[in-house]
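File shown here: start05.cif, holding mmCIF, C-alpha atoms.
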```cif
data_work
loop_
_atom_site.label_atom_id
_atom_site.label_comp_id
_atom_site.auth_asym_id
_atom_site.auth_seq_id
_atom_site.Cartn_x
_atom_site.Cartn_y
_atom_site.Cartn_z
CA MET J 1 0.00 0.00 0.00
CA SER J 2 1.28 3.48 -0.88
CA LEU J 3 -0.08 6.99 -0.64
CA TYR J 4 -0.68 7.14 -4.38
CA ASN J 5 -2.44 4.40 -6.32
CA LEU J 6 -4.09 4.59 -9.72
CA ALA J 7 -7.82 4.10 -9.89
CA SER J 8 -9.00 1.29 -12.17
CA ASP J 9 -9.67 3.58 -15.11
CA LYS J 10 -7.61 3.93 -18.26
CA ILE J 11 -4.48 6.03 -18.59
CA GLY J 12 -4.84 8.56 -21.39
CA ILE J 13 -1.93 9.86 -23.46
CA LYS J 14 -2.04 12.32 -26.33
CA LYS J 15 0.05 14.71 -28.35
CA LEU J 16 -1.33 18.19 -27.74
CA THR J 17 -2.57 19.94 -30.85
CA ASP J 18 -2.23 23.62 -31.66
CA ALA J 19 -5.93 23.93 -30.85
CA ASP J 20 -5.39 22.28 -27.45
CA LEU J 21 -2.65 24.79 -26.75
CA GLY J 22 -4.83 27.75 -27.72
CA SER J 23 -3.24 28.82 -30.99
CA GLN J 24 -4.27 32.21 -32.33
CA THR J 25 -6.01 30.61 -35.30
CA SER J 26 -8.18 28.44 -33.07
CA HIS J 27 -11.10 29.42 -30.88
CA GLN J 28 -10.98 26.15 -28.94
CA THR J 29 -11.46 26.84 -25.23
CA HIS J 30 -10.59 23.39 -23.95
CA ILE J 31 -8.01 20.61 -24.11
CA GLY J 32 -9.71 17.56 -25.52
CA LEU J 33 -9.18 14.23 -23.84
CA TYR J 34 -10.46 10.84 -25.00
CA GLU J 35 -13.73 9.02 -24.68
CA GLY J 36 -13.42 6.14 -22.26
CA THR J 37 -10.95 7.87 -19.96
CA LEU J 38 -12.19 9.21 -16.61
CA SER J 39 -15.43 7.39 -17.35
CA HIS J 40 -16.04 6.87 -13.63
CA LEU J 41 -16.84 10.58 -13.27
CA PRO J 42 -20.33 12.08 -13.70
CA TYR J 43 -20.94 13.48 -17.17
CA GLU J 44 -21.26 17.09 -16.10
CA ARG J 45 -19.19 20.22 -15.85
CA LYS J 46 -17.38 20.09 -12.56
CA SER J 47 -14.10 21.05 -10.93
CA TYR J 48 -11.82 18.37 -9.47
CA ILE J 49 -8.88 18.57 -7.10
CA SER J 50 -5.90 17.86 -9.26
CA GLN J 51 -2.20 18.21 -9.69
CA LEU J 52 -0.10 19.00 -12.72
CA ILE J 53 3.32 17.38 -12.82
CA TYR J 54 5.83 19.09 -15.03
CA ASN J 55 9.63 18.99 -15.06
CA GLY J 56 9.88 17.16 -11.73
CA THR J 57 7.51 19.45 -9.84
CA SER J 58 3.91 19.00 -8.72
CA TYR J 59 1.53 21.97 -8.95
CA GLU J 60 -1.70 21.87 -6.95
CA GLY J 61 -4.72 22.91 -8.93
CA LEU J 62 -8.33 22.58 -9.92
CA LEU J 63 -9.20 20.79 -13.11
CA PHE J 64 -12.31 22.26 -14.72
CA LEU J 65 -13.74 19.28 -16.55
CA LYS J 66 -16.63 19.00 -18.93
CA PHE J 67 -17.81 16.24 -21.25
CA ILE J 68 -18.45 16.71 -24.96
CA ASN J 69 -19.55 14.47 -27.87
CA ASN J 70 -22.85 13.49 -26.27
CA ASN J 71 -21.32 13.65 -22.81
CA ARG J 72 -18.76 10.92 -23.46
CA SER J 73 -15.40 12.62 -24.01
CA PRO J 74 -13.79 14.59 -21.16
CA ALA J 75 -12.26 17.97 -21.88
CA ILE J 76 -10.27 20.34 -19.69
CA ASN J 77 -11.58 23.90 -19.54
CA MET J 78 -9.43 26.84 -18.55
CA GLY J 79 -12.08 27.95 -16.05
CA SER J 80 -14.03 31.15 -16.33
CA ILE J 81 -12.44 34.47 -15.39
CA THR J 82 -14.41 34.39 -12.15
CA GLU J 83 -13.31 30.82 -11.38
CA GLN J 84 -9.68 31.70 -12.01
CA GLN J 85 -9.92 34.80 -9.83
CA GLU J 86 -11.46 32.79 -6.99
CA LEU J 87 -8.69 30.18 -6.93
CA PRO J 88 -6.86 30.15 -3.57
CA ASN J 89 -3.26 31.33 -3.50
CA ASN J 90 -0.85 28.73 -4.92
CA VAL J 91 -3.70 26.80 -6.58
CA ILE J 92 -3.68 26.88 -10.38
CA SER J 93 -6.12 26.26 -13.17
CA ILE J 94 -4.67 23.05 -14.60
CA GLY J 95 -5.78 23.81 -18.15
CA LYS J 96 -4.45 27.35 -18.14
CA GLN J 97 -1.14 26.29 -16.63
CA ILE J 98 -0.66 23.61 -19.29
CA ARG J 99 -1.02 26.27 -21.96
CA ASP J 100 1.25 28.68 -20.09
CA PHE J 101 4.03 26.10 -19.84
CA ALA J 102 3.67 25.16 -23.51
CA ASP J 103 3.85 28.82 -24.50
CA THR J 104 7.42 28.95 -23.22
CA ASN J 105 8.51 26.84 -26.20
CA ARG J 106 6.16 26.32 -29.12
CA ASN J 107 8.93 24.80 -31.24
CA VAL J 108 8.70 21.38 -29.58
CA ASN J 109 5.99 18.75 -29.41
CA TRP J 110 3.99 18.65 -26.19
CA TYR J 111 2.28 15.59 -24.70
CA LEU J 112 -0.21 15.06 -21.91
CA LEU J 113 -0.85 12.02 -19.72
CA TRP J 114 -3.87 11.87 -17.40
CA PHE J 115 -5.28 9.39 -14.93
CA ALA J 116 -7.29 9.25 -11.71
CA LEU J 117 -6.04 8.26 -8.27
CA ASP J 118 -8.00 6.30 -5.71
CA ASN J 119 -8.24 9.42 -3.54
CA GLU J 120 -10.44 10.93 -6.30
CA GLU J 121 -7.67 13.25 -7.42
CA ILE J 122 -6.91 13.60 -11.13
CA VAL J 123 -3.27 13.79 -12.17
CA THR J 124 -2.05 15.38 -15.40
CA ILE J 125 1.56 15.04 -16.51
CA LEU J 126 2.91 17.46 -19.10
CA LEU J 127 5.87 16.39 -21.23
CA ASN J 128 7.66 17.67 -24.27
CA GLN J 129 10.01 15.94 -26.65
CA ASN J 130 13.00 16.87 -24.47
CA SER J 131 11.56 15.62 -21.16
CA ASN J 132 13.40 12.92 -19.24
CA GLU J 133 10.12 11.09 -18.69
CA LEU J 134 9.61 10.71 -22.42
CA ALA J 135 12.78 8.63 -22.72
CA HIS J 136 11.57 6.41 -19.88
CA LEU J 137 8.24 5.89 -21.60
CA GLN J 138 10.07 4.95 -24.78
CA ASN J 139 11.97 2.32 -22.80
CA LEU J 140 8.65 0.91 -21.62
CA GLY J 141 7.64 0.48 -25.26
CA ILE J 142 5.32 3.50 -25.35
CA ASP J 143 6.32 5.50 -28.42
CA LEU J 144 5.20 9.10 -28.03
CA ILE J 145 7.36 10.36 -30.88
CA ASN J 146 5.27 8.49 -33.41
CA ILE J 147 1.99 8.59 -31.53
CA SER J 148 -1.06 8.82 -33.78
CA ASN J 149 -3.57 11.63 -33.63
CA ARG J 150 -5.89 9.24 -31.82
CA GLY J 151 -3.40 8.99 -28.98
CA LEU J 152 -3.38 6.10 -26.54
CA LYS J 153 -5.78 4.70 -23.97
CA ILE J 154 -3.97 2.11 -21.87
CA GLY J 155 -6.13 0.00 -19.58
CA GLN J 156 -5.51 -2.90 -17.25
CA GLY J 157 -5.82 -5.42 -20.06
CA ASP J 158 -3.04 -3.82 -22.11
CA GLN J 159 0.47 -5.23 -22.15
CA HIS J 160 2.06 -1.95 -21.06
CA TYR J 161 -0.38 -1.14 -18.28
CA ASN J 162 1.41 -2.60 -15.24
CA ALA J 163 4.81 -1.15 -16.13
CA LEU J 164 3.27 2.23 -16.97
CA ALA J 165 1.13 2.29 -13.81
CA ASN J 166 4.18 1.49 -11.66
CA PHE J 167 6.15 4.25 -13.36
CA LEU J 168 3.35 6.79 -12.86
CA ASN J 169 2.88 5.78 -9.22
CA GLU J 170 6.61 6.17 -8.62
CA LEU J 171 6.75 9.51 -10.41
CA THR J 172 3.73 10.86 -8.53
CA THR J 173 5.15 9.65 -5.22
CA ASN J 174 8.60 11.15 -5.84
CA VAL J 175 7.36 14.64 -6.70
CA ASN J 176 5.11 14.59 -3.62
CA ILE J 177 7.65 13.18 -1.15
CA GLU J 178 7.64 16.23 1.14
CA TYR J 179 3.84 16.12 1.29
CA ALA J 180 3.96 12.41 2.15
CA GLU J 181 6.52 13.08 4.90
CA GLU J 182 4.32 15.80 6.35
CA LEU J 183 1.32 13.47 6.29
CA GLU J 184 3.30 10.84 8.20
CA ILE J 185 4.07 13.40 10.91
CA ALA J 186 0.43 14.53 10.95
CA SER J 187 -0.72 10.93 11.42
CA GLN J 188 1.26 10.86 14.70
CA THR J 189 0.26 14.28 16.02
CA GLY J 190 -3.41 14.23 15.03
CA GLU J 191 -3.16 17.31 12.82
CA GLU J 192 -5.88 17.54 10.18
CA LYS J 193 -4.30 20.15 7.93
CA VAL J 194 -0.87 20.17 6.35
CA THR J 195 1.04 23.07 4.85
CA ARG J 196 1.93 21.49 1.52
CA ARG J 197 -1.66 21.31 0.32
CA VAL J 198 -3.94 24.32 0.19
CA ILE J 199 -7.03 22.19 -0.43
CA PRO J 200 -7.51 19.55 2.31
CA ARG J 201 -7.30 15.89 1.23
CA VAL J 202 -9.27 14.00 3.84
CA ARG J 203 -8.69 10.67 2.13
CA ASP J 204 -4.94 11.30 2.06
CA ILE J 205 -4.93 11.83 5.83
CA GLU J 206 -7.00 8.69 6.36
CA LYS J 207 -4.63 6.69 4.18
CA ALA J 208 -1.59 8.19 5.92
CA ASN J 209 -2.97 7.04 9.27
CA LYS J 210 -3.26 3.48 7.93
CA LEU J 211 0.17 3.67 6.30
CA PHE J 212 1.85 4.87 9.48
CA LYS J 213 0.23 2.08 11.49
CA ASP J 214 1.70 -0.37 8.96
CA THR J 215 5.03 1.45 9.12
CA GLY J 216 5.14 1.14 12.90
CA LEU J 217 4.39 -2.57 12.79
CA LYS J 218 6.97 -3.19 10.08
CA GLY J 219 9.57 -1.25 12.06
CA GLU J 220 8.92 -3.35 15.16
CA GLU J 221 9.15 -6.54 13.09
CA LEU J 222 12.51 -5.43 11.70
CA LEU J 223 13.74 -4.58 15.17
CA TYR J 224 12.56 -7.98 16.45
CA LYS J 225 14.73 -9.68 13.82
CA TYR J 226 17.64 -7.41 14.73
CA PHE J 227 17.36 -8.34 18.43
CA GLU J 228 17.13 -12.03 17.48
CA LEU J 229 20.51 -11.68 15.76
CA GLN J 230 21.96 -9.85 18.75
CA LYS J 231 20.70 -12.58 21.06
CA ASN J 232 22.09 -15.34 18.84
CA ASN J 233 25.45 -13.54 18.76
CA SER J 234 25.45 -13.13 22.56
CA ILE J 235 25.35 -9.34 22.36
CA ILE J 236 22.23 -9.31 24.53
CA LYS J 237 20.95 -12.03 26.82
CA ASP J 238 17.25 -11.83 25.91
CA PHE J 239 14.45 -9.49 24.88
CA LYS J 240 10.68 -9.25 24.95
CA TRP J 241 8.48 -7.67 22.27
CA MET J 242 5.65 -5.99 24.15
CA ASN J 243 3.33 -5.70 21.13
CA GLN J 244 3.97 -9.10 19.59
CA SER J 245 0.42 -10.37 20.06
CA LYS J 246 -1.44 -7.07 20.35
CA GLU J 247 -0.84 -3.36 20.88
CA THR J 248 -0.31 -2.83 24.60
CA GLY J 249 -0.06 0.96 24.73
CA MET J 250 3.14 0.73 26.79
CA PRO J 251 5.58 3.67 26.58
CA TYR J 252 8.15 1.33 25.03
CA ASP J 253 8.11 -1.55 22.55
CA PHE J 254 10.83 -3.89 23.80
CA GLU J 255 12.42 -4.94 27.08
CA ILE J 256 16.04 -5.91 26.55
CA THR J 257 17.93 -8.02 29.05
CA SER J 258 21.63 -7.17 28.95
CA LEU J 259 24.38 -9.71 29.55
CA ASP J 260 24.64 -8.47 33.15
CA ASN J 261 20.87 -9.10 33.60
CA SER J 262 20.00 -5.39 33.72
CA ILE J 263 16.85 -4.29 31.86
CA VAL J 264 16.83 -1.64 29.13
CA PHE J 265 13.68 -0.32 27.48
CA SER J 266 13.54 0.33 23.74
CA ASP J 267 11.08 2.31 21.66
CA ALA J 268 10.99 1.74 17.90
CA LYS J 269 10.48 5.05 16.09
CA SER J 270 9.96 4.19 12.44
CA THR J 271 9.51 6.19 9.27
CA SER J 272 9.13 5.27 5.64
CA TYR J 273 11.28 8.25 4.76
CA LYS J 274 14.55 9.86 5.78
CA PHE J 275 16.30 9.79 9.15
CA GLU J 276 16.03 13.55 9.51
CA LEU J 277 12.26 13.60 10.00
CA PRO J 278 11.41 14.53 13.61
CA ILE J 279 10.67 11.83 16.14
CA ILE J 280 7.29 12.25 17.84
CA LEU J 281 7.16 11.54 21.57
CA SER J 282 4.09 11.66 23.77
CA SER J 283 4.04 13.22 27.22
CA GLY J 284 3.48 9.72 28.61
CA GLU J 285 6.62 8.43 26.90
CA LEU J 286 8.60 11.42 28.11
CA ASN J 287 7.47 10.89 31.68
CA PHE J 288 8.56 7.25 31.49
CA ILE J 289 11.89 8.26 29.94
CA ASN J 290 12.38 10.74 32.77
CA ASP J 291 11.87 7.94 35.31
CA ASN J 292 14.28 5.59 33.49
CA LYS J 293 16.94 7.96 32.24
CA ASP J 294 19.81 5.54 31.77
CA LYS J 295 17.64 2.59 30.75
CA TYR J 296 15.81 3.88 27.67
CA LEU J 297 16.87 3.65 24.03
CA ILE J 298 15.34 5.06 20.87
CA HIS J 299 15.79 2.74 17.92
CA ARG J 300 15.25 4.99 14.92
CA LEU J 301 14.31 2.93 11.85
CA TYR J 302 14.08 4.75 8.55
CA SER J 303 13.69 4.15 4.84
CA ILE J 304 12.07 0.91 5.91
CA ASN J 305 10.23 0.25 2.64
CA ASN J 306 13.37 0.53 0.52
CA GLU J 307 16.68 -0.15 2.26
CA PRO J 308 15.83 -0.20 5.97
CA LYS J 309 18.38 1.38 8.26
CA LEU J 310 18.78 1.84 12.00
CA ARG J 311 20.43 4.34 14.32
CA VAL J 312 20.25 4.08 18.10
CA CYS J 313 19.99 7.01 20.52
CA ASP J 314 21.09 6.26 24.09
CA ASN J 315 20.44 9.66 25.69
CA ILE J 316 16.89 10.65 24.77
CA HIS J 317 16.53 11.59 28.46
CA THR J 318 18.25 14.88 27.59
CA VAL J 319 14.98 15.82 25.87
CA SER J 320 12.83 14.75 28.82
CA ASP J 321 15.13 16.82 31.05
CA ILE J 322 14.01 19.87 29.07
CA PHE J 323 10.40 18.85 28.59
CA ILE J 324 9.31 17.70 32.07
CA PRO J 325 10.07 20.91 34.03
CA ASN J 326 8.40 23.05 31.36
CA TYR J 327 5.45 20.68 31.19
CA GLU J 328 5.01 20.90 34.94
CA ILE J 329 5.13 24.70 34.84
CA LEU J 330 2.49 24.71 32.10
CA ASN J 331 0.21 22.39 34.05
CA GLN J 332 0.63 24.37 37.26
CA SER J 333 -0.33 27.55 35.43
CA LEU J 334 -3.34 25.90 33.82
CA ASN J 335 -4.44 24.30 37.09
CA GLN J 336 -4.78 27.74 38.62
CA GLU J 337 -7.52 28.36 36.04
CA ARG J 338 -9.00 24.89 36.60
CA LEU J 339 -7.62 23.78 33.23
CA SER J 340 -5.40 20.84 32.40
CA THR J 341 -3.72 19.12 29.49
CA ARG J 342 -4.64 15.62 28.39
CA GLY J 343 -1.52 14.50 26.61
CA ILE J 344 0.90 16.46 24.46
CA LYS J 345 2.98 15.37 21.46
CA LEU J 346 6.55 16.66 21.14
CA ALA J 347 8.40 16.77 17.82
CA VAL J 348 12.09 16.07 18.40
CA PRO J 349 14.52 16.97 15.59
CA THR J 350 17.02 14.18 15.07
CA ASP J 351 19.84 16.69 14.54
CA LEU J 352 19.64 18.15 18.05
CA GLN J 353 23.23 18.55 19.25
CA ILE J 354 22.34 17.14 22.66
CA LEU J 355 21.30 13.80 21.14
CA ASN J 356 23.74 10.98 20.61
CA PHE J 357 22.88 8.65 17.71
CA ASP J 358 25.13 5.69 16.92
CA ASN J 359 26.35 5.04 13.41
CA GLU J 360 23.96 3.79 10.77
CA ILE J 361 23.23 0.07 10.63
CA LEU J 362 21.87 -1.56 7.49
CA LEU J 363 19.06 -3.99 8.19
CA ASN J 364 18.11 -7.00 6.12
CA ALA J 365 14.40 -6.62 5.40
CA ASN J 366 14.22 -10.25 4.28
CA ALA J 367 16.07 -11.77 7.19
#
```
Could I get this structure in the form of structure tokens?
Amino acid sequence: MSLYNLASDKIGIKKLTDADLGSQTSHQTHIGLYEGTLSHLPYERKSYISQLIYNGTSYEGLLFLKFINNNRSPAINMGSITEQQELPNNVISIGKQIRDFADTNRNVNWYLLWFALDNEEIVTILLNQNSNELAHLQNLGIDLINISNRGLKIGQGDQHYNALANFLNELTTNVNIEYAEELEIASQTGEEKVTRRVIPRVRDIEKANKLFKDTGLKGEELLYKYFELQKNNSIIKDFKWMNQSKETGMPYDFEITSLDNSIVFSDAKSTSYKFELPIILSSGELNFINDNKDKYLIHRLYSINNEPKLRVCDNIHTVSDIFIPNYEILNQSLNQERLSTRGIKLAVPTDLQILNFDNEILLNANA
């Protein structure tokens, strides 16, 4: 499961005509798509949350869509003057932006790909004959250079569909990586709005919550295998996975028995992305850390869906040393007004100078 997945409709690909691009000799006010693509949508004029991907960047926008030819063929409108004026800041009209990009160089051929995601978003990808993506499509056997005027509609039954869908999923994910990272943080803090999208995506947040739950479980499974190796190599005496049968809600995930029979607590903090993303700690975890200062480790697992890696922090108590006194002052002040907190989440940057992380360890995801 990933944040971006294609819906079960066809992928449309076409070479943009002069009329599509709004040539001076044409009065065409839309970019024509193909019958049979986006057929899951109602045949009416409507705006859809969308993104335009061009030259390695994703642009958030609204796609003003109508259907022509007896309500069968989708077409992208530019949006009326009023609709364009009412767009929020940093939200574009997809159709207008396609034409604006193409106007920067009318001496090359321009191509458009479009498809729907399972979060009901529509993605458009703009290419020209010099785009890096075009060469990749050629390698997949999709020849845009010699594409016919009828273009291509590639569905699940077509030989190129799986390879193309994987490529488009990967491309869409890569250009939205910072958004995905922010969603992962939001899934831990309970935030319902993120900064990298002007228009809220409720389904994205719901999916991010599910993804992070899976990420946490996968991280604990990887750490379990790592501790098994340490036990077999007599680096530790034993360990216990607290959540092995069910989620216990404990402020740690593992109890580690050292060779001298002392107990150390470990919390697996996992991310699908880079090490540098902040670690989220609850006030409950920080209180426990404060009570077990020299017996608490953070096992930071990252990039766990690609090449999982691990770094261990042995002095996370330096953060609780800062947090607890300030938390108590806050609660004392609130209590005077008969108010109180009910749990707080703290975002801890991994590059804090007070934190000591061991060197990176490569984990074997298949071990």
Selection: 7 Å around region 346-360 of chain J, all atoms listed in the file, excl. self and same-chain fewer than 5 positions, as number ranges by chain: J: 276-282, 309-316, 318
With 5 Å of padding per side, what axis-aligned box (centre and edge lengths, Å, one decimal) covers all the listed atoms of region 281-300 of chain J? Give it as JSON.
```
{"center_x": 11.6, "center_y": 7.9, "center_z": 25.1, "size_x": 26.3, "size_y": 20.6, "size_z": 30.4}
```
Result set, the PyMOL selection byres ((chain J and resi 120) around 12) on current file, as a list in words: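 Listing what the PyMOL selection byres ((chain J and resi 120) around 12) selects in the shown file: Tyr4, Asn5, Leu6, Ala7, Ser8, Asp9, Leu38, His40, Leu41, Ser47, Tyr48, Ile49, Ser50, Gln51, Phe115, Ala116, Leu117, Asp118, Asn119, Glu121, Ile122, Val123, Arg201, Val202, Arg203 and Asp204 of chain J.
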Top pick for closest residue to Glu181 (chain J), considering J:Ser303, J:Thr341, J:Thr29, J:Thr257 and counting all atoms listed in the file: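 The closest residue to Glu181 (chain J) is J:Ser303.
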Picked residues, the PyMOL selection byres ((chain J and resi 166-178) around 8), as a PyMOL selection string: chain J and resi 3-6+53+56-58+162-165+179-182+196
Atoms kept (C-alpha atoms) for selection, written as a short mmCIF file (atom, residue, chain, number, x, y, z; two decimals), in the frame of the given file:
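Dumped to part.cif:
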```cif
data_model
loop_
_atom_site.label_atom_id
_atom_site.label_comp_id
_atom_site.auth_asym_id
_atom_site.auth_seq_id
_atom_site.Cartn_x
_atom_site.Cartn_y
_atom_site.Cartn_z
CA LEU J 3 -0.08 6.99 -0.64
CA TYR J 4 -0.68 7.14 -4.38
CA ASN J 5 -2.44 4.40 -6.32
CA LEU J 6 -4.09 4.59 -9.72
CA ILE J 53 3.32 17.38 -12.82
CA GLY J 56 9.88 17.16 -11.73
CA THR J 57 7.51 19.45 -9.84
CA SER J 58 3.91 19.00 -8.72
CA ASN J 162 1.41 -2.60 -15.24
CA ALA J 163 4.81 -1.15 -16.13
CA LEU J 164 3.27 2.23 -16.97
CA ALA J 165 1.13 2.29 -13.81
CA TYR J 179 3.84 16.12 1.29
CA ALA J 180 3.96 12.41 2.15
CA GLU J 181 6.52 13.08 4.90
CA GLU J 182 4.32 15.80 6.35
CA ARG J 196 1.93 21.49 1.52
#
```
Within 9 Å of Ala75 (chain J) using all atoms listed in the file, minus same-chain residues under 4 positions, as a PyMOL selection string: chain J and resi 30-34+64-68
C-alpha atoms of the current selection, written as a compact mmCIF listing (two decimals), keeping the file's coordinate frame:
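Saved result, again03.txt, follows:
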```txt
# COMPACT_ATOMS: atom_id res chain seq x y z
CA HIS J 30 -10.59 23.39 -23.95
CA ILE J 31 -8.01 20.61 -24.11
CA GLY J 32 -9.71 17.56 -25.52
CA LEU J 33 -9.18 14.23 -23.84
CA TYR J 34 -10.46 10.84 -25.00
CA PHE J 64 -12.31 22.26 -14.72
CA LEU J 65 -13.74 19.28 -16.55
CA LYS J 66 -16.63 19.00 -18.93
CA PHE J 67 -17.81 16.24 -21.25
CA ILE J 68 -18.45 16.71 -24.96
```
Shortest interatomic distance to Tyr302 (chain J) - which of J:Asp20, J:Glu206, J:Glu220, J:Glu44, counting all atoms listed in the file: J:Glu220
Given all atoms listed in the file as the counted atoms, nearest of J:Asn146, J:Asn90, J:Asn109, J:Asn233 to Leu127 (chain J): J:Asn109
Please tell me which residues are no farther than 8 Å from (12.9, 13.7, 32.8) in the file, counting all atoms listed in the file, and write them as a compact mmCIF listing (two decimals) with C-alpha atoms, in the frame of the given file.
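New file selection_2.txt:
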```txt
# COMPACT_ATOMS: atom_id res chain seq x y z
CA LEU J 286 8.60 11.42 28.11
CA ASN J 287 7.47 10.89 31.68
CA PHE J 288 8.56 7.25 31.49
CA ILE J 289 11.89 8.26 29.94
CA ASN J 290 12.38 10.74 32.77
CA ASP J 291 11.87 7.94 35.31
CA LYS J 293 16.94 7.96 32.24
CA HIS J 317 16.53 11.59 28.46
CA THR J 318 18.25 14.88 27.59
CA VAL J 319 14.98 15.82 25.87
CA SER J 320 12.83 14.75 28.82
CA ASP J 321 15.13 16.82 31.05
CA ILE J 322 14.01 19.87 29.07
CA PHE J 323 10.40 18.85 28.59
CA ILE J 324 9.31 17.70 32.07
CA PRO J 325 10.07 20.91 34.03
```
Interatomic distance, CA of Lys269 (chain J) to CA of Arg300 (chain J) (Å, one decimal): 4.9 Å
Best match for closeness to Asn306 (chain J) among J:Leu229, J:Leu362, J:Leu62, J:Leu112, counting only C-alpha atoms: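 Of J:Leu229, J:Leu362, J:Leu62, J:Leu112, the one nearest Asn306 (chain J) is J:Leu362, counting only C-alpha atoms.
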